[in-house]
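Q: Pasting a structure here, questions to come.
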Amino acid sequence: MKKFVSALALMVSIGLLPQLLHAQTYELDKTIPLPGDGGYDYLSIDKVNNRLYVSHGTAVNVIDLKTEKPAGLIGDMKGVHGIAIDNKANRGFISDGKANAVVAFDLKTLKVIATIPLTDANGPDAIMYDPFADRVFSFNGESNNSSVVDANTLKQVGTVALGGAPEFAVADGKGKIYNNLEDKSSLNIIDSKTLKVIKNYPLAPCGGPTGLALDTVNQRIFTVCRENKGVSVVNINTGKVVTTLPIGAGVDAVIYDPETKLIFCSCGDGVTTIIKQQSADEYKVIQTLQTAYRAKTMALDPKTHKIYLSVAEFVKGTRTALPNTFKVLVYKLK
């Protein structure tokens, strides 16, 4: 007992006890098998209807987050990439990259409402809803622009010239949209009302940025980069890169959980790097979570703090997916 008390006193004196009592590590919770084959990309969560949307080839798989079981399918598209949620209008929006279109559907019934052809767009990829402008933005990787759709009329109302190949984008809810340019290794700031790029920040040492996540409280944005295998923290008011931390290879997505102060970077090499935000400008890698090869996109449920990653099994040493192996991996806090 004396030895235990002495050890406890030592941990308190050197500051280890709070870390042990508040350990934030993730473990595999379950696997959700999903039917069908084909490629996969973004995942998106509808917090209001408690659903997870998973892009999958020419369709979107829908999972009920309460039961964590399949709840429906939105199909008959040509090449799905992303899913945006607009609870105000009870509509979801899917970027169909091969059709150069945005597909609108009802969030309650999952029925397709309209297919919106995009003008001067090639390869719509990332897609998001901006509540400030009440508009949907698709980011077109092959035409270096963004198509803007009115969420209510379901008509294209504009195009934003981006000056490079866009990747992920996030909105601050106050009229600004942040978007990575992968080929320029820079960050655009877009005015969602005027549809103009108002600033562009270089992201060096970041190279080949993909995913983005925003901390609105501390005015920091997190951008993950493939070329230097890092996540950079950027002050969105000044454009200054505050710090850069090492992550895995082949990163695609990054998520910030404002409640736990954790940042998740999902990487194609089979790891998700988890980083603790200690303050606005202080960060520490706390876990290298082993996931699966090419599990590189994810979503976070803010209610349960679980993370969801989509993946298939592959022929060893190749990018050839094995039939009937598509699934979503679910990880939870220990």
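Here's how to read the names in the structure tokens: chain A, B, ... by the order shown, residue numbers from 1 in each chain, ligand numbers from 1 in the order shown.
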For the interface of stretch 115-141 of chain A with stretch 147-155 of chain A (cut-off 6 Å, counting only C-alpha atoms), please tabulate each contacting residue of stretch 115-141 of chain A alongside its nearest pair of atoms and their separation in Å to one decimal, rows sorted by chain and increasing number, as CSV.
A:
residue,atom,partner,partner_atom,distance
A:Arg135,CA,A:Asp150,CA,4.9
A:Val136,CA,A:Val149,CA,5.0
A:Phe137,CA,A:Val148,CA,4.7
A:Ser138,CA,A:Ser147,CA,5.2
Q: Can you write out the residues you just picked, keeping N, CA, C and O atoms, as a PDB file, in the first residue's frame?
A:
ATOM      1  N   ARG A 135     -26.889  27.936 -49.730  1.00  0.00           N
ATOM      2  CA  ARG A 135     -26.497  27.410 -51.033  1.00  0.00           C
ATOM      3  C   ARG A 135     -25.638  26.160 -50.872  1.00  0.00           C
ATOM      4  O   ARG A 135     -24.992  25.958 -49.844  1.00  0.00           O
ATOM      5  N   VAL A 136     -25.639  25.367 -51.923  1.00  0.00           N
ATOM      6  CA  VAL A 136     -24.814  24.157 -51.979  1.00  0.00           C
ATOM      7  C   VAL A 136     -23.659  24.416 -52.939  1.00  0.00           C
ATOM      8  O   VAL A 136     -23.860  24.961 -54.038  1.00  0.00           O
ATOM      9  N   PHE A 137     -22.458  24.014 -52.523  1.00  0.00           N
ATOM     10  CA  PHE A 137     -21.261  24.222 -53.332  1.00  0.00           C
ATOM     11  C   PHE A 137     -20.635  22.864 -53.666  1.00  0.00           C
ATOM     12  O   PHE A 137     -20.300  22.093 -52.761  1.00  0.00           O
ATOM     13  N   SER A 138     -20.497  22.574 -54.954  1.00  0.00           N
ATOM     14  CA  SER A 138     -19.720  21.401 -55.368  1.00  0.00           C
ATOM     15  C   SER A 138     -18.349  21.891 -55.822  1.00  0.00           C
ATOM     16  O   SER A 138     -18.237  22.955 -56.450  1.00  0.00           O
TER      17      SER A 138
END
Q: Hey, which bits of stretch 244-311 of chain A sit within 9 Å of stretch 220-237 of chain A, and for each residue what's the closest pair of atoms and how far apart in Å (one decimal), counting only C-alpha atoms, rows by chain and increasing number, as JSON lines?
A:
{"residue": "A:Thr244", "atom": "CA", "partner": "A:Ser232", "partner_atom": "CA", "distance": 4.2}
{"residue": "A:Leu245", "atom": "CA", "partner": "A:Gly230", "partner_atom": "CA", "distance": 5.4}
{"residue": "A:Pro246", "atom": "CA", "partner": "A:Gly230", "partner_atom": "CA", "distance": 4.5}
{"residue": "A:Ile247", "atom": "CA", "partner": "A:Gly230", "partner_atom": "CA", "distance": 5.1}
{"residue": "A:Gly248", "atom": "CA", "partner": "A:Lys229", "partner_atom": "CA", "distance": 6.0}
{"residue": "A:Ala249", "atom": "CA", "partner": "A:Lys229", "partner_atom": "CA", "distance": 5.6}
{"residue": "A:Gly250", "atom": "CA", "partner": "A:Arg226", "partner_atom": "CA", "distance": 5.6}
{"residue": "A:Val251", "atom": "CA", "partner": "A:Arg226", "partner_atom": "CA", "distance": 5.7}
{"residue": "A:Asp252", "atom": "CA", "partner": "A:Val224", "partner_atom": "CA", "distance": 7.3}
{"residue": "A:Ala253", "atom": "CA", "partner": "A:Val224", "partner_atom": "CA", "distance": 7.2}
{"residue": "A:Val254", "atom": "CA", "partner": "A:Val224", "partner_atom": "CA", "distance": 6.6}
{"residue": "A:Ile255", "atom": "CA", "partner": "A:Phe222", "partner_atom": "CA", "distance": 8.4}
{"residue": "A:Tyr256", "atom": "CA", "partner": "A:Phe222", "partner_atom": "CA", "distance": 8.1}
{"residue": "A:Ile263", "atom": "CA", "partner": "A:Phe222", "partner_atom": "CA", "distance": 8.4}
{"residue": "A:Cys265", "atom": "CA", "partner": "A:Val224", "partner_atom": "CA", "distance": 7.2}
{"residue": "A:Ala280", "atom": "CA", "partner": "A:Arg220", "partner_atom": "CA", "distance": 7.2}
{"residue": "A:Asp281", "atom": "CA", "partner": "A:Val233", "partner_atom": "CA", "distance": 7.9}
Q: Next, the residues of the selection above should be written as a CSV table (one decimal), in the first residue's frame with all heavy atoms.
A:
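Now in selection.csv:
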chain,number,residue,atom,x,y,z
A,244,THR,N,3.1,22.1,-37.6
A,244,THR,CA,2.8,21.0,-38.4
A,244,THR,C,3.2,19.7,-37.7
A,244,THR,O,4.4,19.6,-37.1
A,244,THR,CB,3.6,21.1,-39.8
A,244,THR,OG1,3.1,22.2,-40.5
A,244,THR,CG2,3.3,19.8,-40.6
A,245,LEU,N,2.4,18.7,-37.6
A,245,LEU,CA,2.6,17.4,-36.9
A,245,LEU,C,2.6,16.3,-37.9
A,245,LEU,O,1.9,16.3,-38.9
A,245,LEU,CB,1.6,17.2,-35.8
A,245,LEU,CG,1.6,18.1,-34.7
A,245,LEU,CD1,0.6,19.3,-34.9
A,245,LEU,CD2,1.3,17.4,-33.4
A,246,PRO,N,3.4,15.2,-37.6
A,246,PRO,CA,3.5,14.1,-38.5
A,246,PRO,C,2.3,13.2,-38.4
A,246,PRO,O,1.7,13.0,-37.3
A,246,PRO,CB,4.7,13.3,-38.0
A,246,PRO,CG,4.8,13.7,-36.6
A,246,PRO,CD,4.3,15.1,-36.5
A,247,ILE,N,1.8,12.6,-39.6
A,247,ILE,CA,0.7,11.7,-39.6
A,247,ILE,C,1.1,10.6,-40.5
A,247,ILE,O,2.2,10.5,-41.0
A,247,ILE,CB,-0.6,12.4,-40.1
A,247,ILE,CG1,-0.4,13.0,-41.5
A,247,ILE,CG2,-1.0,13.5,-39.1
A,247,ILE,CD1,-1.7,13.6,-42.1
A,248,GLY,N,0.1,9.7,-40.8
A,248,GLY,CA,0.4,8.6,-41.7
A,248,GLY,C,0.5,9.0,-43.2
A,248,GLY,O,0.4,10.2,-43.5
A,249,ALA,N,0.7,8.0,-44.1
A,249,ALA,CA,0.8,8.3,-45.5
A,249,ALA,C,-0.6,8.1,-46.2
A,249,ALA,O,-1.4,7.3,-45.8
A,249,ALA,CB,1.8,7.3,-46.1
A,250,GLY,N,-0.7,8.8,-47.3
A,250,GLY,CA,-2.0,8.7,-48.1
A,250,GLY,C,-3.2,9.3,-47.4
A,250,GLY,O,-4.3,8.7,-47.5
A,251,VAL,N,-3.0,10.4,-46.7
A,251,VAL,CA,-4.1,11.0,-45.9
A,251,VAL,C,-5.2,11.5,-46.9
A,251,VAL,O,-4.9,11.9,-48.0
A,251,VAL,CB,-3.6,12.1,-45.0
A,251,VAL,CG1,-3.1,13.3,-45.8
A,251,VAL,CG2,-4.7,12.5,-44.0
A,252,ASP,N,-6.4,11.5,-46.4
A,252,ASP,CA,-7.5,12.0,-47.2
A,252,ASP,C,-8.3,13.0,-46.3
A,252,ASP,O,-8.5,14.2,-46.6
A,252,ASP,CB,-8.4,10.9,-47.7
A,252,ASP,CG,-9.2,11.4,-49.0
A,252,ASP,OD1,-9.1,12.6,-49.3
A,252,ASP,OD2,-9.8,10.5,-49.6
A,253,ALA,N,-8.8,12.5,-45.2
A,253,ALA,CA,-9.8,13.3,-44.4
A,253,ALA,C,-9.2,13.7,-43.0
A,253,ALA,O,-8.3,13.1,-42.5
A,253,ALA,CB,-11.1,12.5,-44.1
A,254,VAL,N,-9.7,14.8,-42.5
A,254,VAL,CA,-9.4,15.2,-41.1
A,254,VAL,C,-10.7,15.7,-40.5
A,254,VAL,O,-11.6,16.3,-41.1
A,254,VAL,CB,-8.3,16.3,-41.1
A,254,VAL,CG1,-8.7,17.5,-41.9
A,254,VAL,CG2,-8.0,16.7,-39.7
A,255,ILE,N,-10.9,15.4,-39.2
A,255,ILE,CA,-12.1,15.8,-38.4
A,255,ILE,C,-11.6,16.4,-37.1
A,255,ILE,O,-10.7,15.9,-36.4
A,255,ILE,CB,-13.0,14.6,-38.2
A,255,ILE,CG1,-13.7,14.2,-39.5
A,255,ILE,CG2,-14.1,15.0,-37.2
A,255,ILE,CD1,-14.5,12.9,-39.4
A,256,TYR,N,-12.3,17.4,-36.6
A,256,TYR,CA,-12.1,18.0,-35.3
A,256,TYR,C,-13.3,17.8,-34.5
A,256,TYR,O,-14.4,18.1,-34.9
A,256,TYR,CB,-11.7,19.5,-35.5
A,256,TYR,CG,-11.6,20.3,-34.2
A,256,TYR,CD1,-10.6,20.0,-33.3
A,256,TYR,CD2,-12.6,21.3,-33.8
A,256,TYR,CE1,-10.5,20.7,-32.1
A,256,TYR,CE2,-12.5,22.0,-32.7
A,256,TYR,CZ,-11.4,21.7,-31.8
A,256,TYR,OH,-11.4,22.3,-30.6
A,263,ILE,N,-8.3,15.7,-32.8
A,263,ILE,CA,-8.2,15.8,-34.3
A,263,ILE,C,-7.9,14.4,-34.8
A,263,ILE,O,-7.0,13.8,-34.4
A,263,ILE,CB,-7.2,16.8,-34.7
A,263,ILE,CG1,-7.5,18.2,-34.0
A,263,ILE,CG2,-7.1,17.0,-36.2
A,263,ILE,CD1,-6.3,19.1,-33.9
A,265,CYS,N,-6.9,12.2,-38.2
A,265,CYS,CA,-6.4,12.2,-39.6
A,265,CYS,C,-6.4,10.8,-40.2
A,265,CYS,O,-5.6,10.0,-39.8
A,265,CYS,CB,-5.0,12.8,-39.6
A,265,CYS,SG,-4.8,14.4,-38.7
A,280,ALA,N,-4.9,26.6,-28.4
A,280,ALA,CA,-5.0,27.0,-29.8
A,280,ALA,C,-3.8,26.7,-30.6
A,280,ALA,O,-3.9,26.4,-31.8
A,280,ALA,CB,-5.3,28.5,-29.8
A,281,ASP,N,-2.6,26.8,-30.0
A,281,ASP,CA,-1.4,26.7,-30.7
A,281,ASP,C,-0.5,25.5,-30.2
A,281,ASP,O,0.7,25.4,-30.6
A,281,ASP,CB,-0.5,28.0,-30.7
A,281,ASP,CG,-1.2,29.1,-31.4
A,281,ASP,OD1,-2.0,28.8,-32.3
A,281,ASP,OD2,-1.0,30.3,-31.1
Q: From the list A:Asn49, A:Gln219, A:Thr159, A:Gln24, which residue is nearest A:Thr194 when using only C-alpha atoms?
A: A:Thr159
Q: Apply DSSP to the backbone of this structure and, from stretch 31-95 of chain A, keep only the residues in strand (DSSP E); write these as a ChimeraX atom specification.
A: /A:31-33,43-46,51-56,59-64,69-74,80-86,91-95
Q: Give me, as a PyMOL selection string, all polymer residues having an atom no more than 10 Å from A:Asn144, counting only C-alpha atoms and skipping those fewer than 5 positions away in the same chain.
A: chain A and resi 121-124+139+160-167+181
Q: Using only C-alpha atoms, which residues sit within 12 Å of stretch 79-83 of chain A once same-chain residues fewer than 6 positions away are excluded, as number ranges by chain?
A: A: 38-46, 51-62, 91-105, 107, 123-129, 136-141, 167-169, 297-299
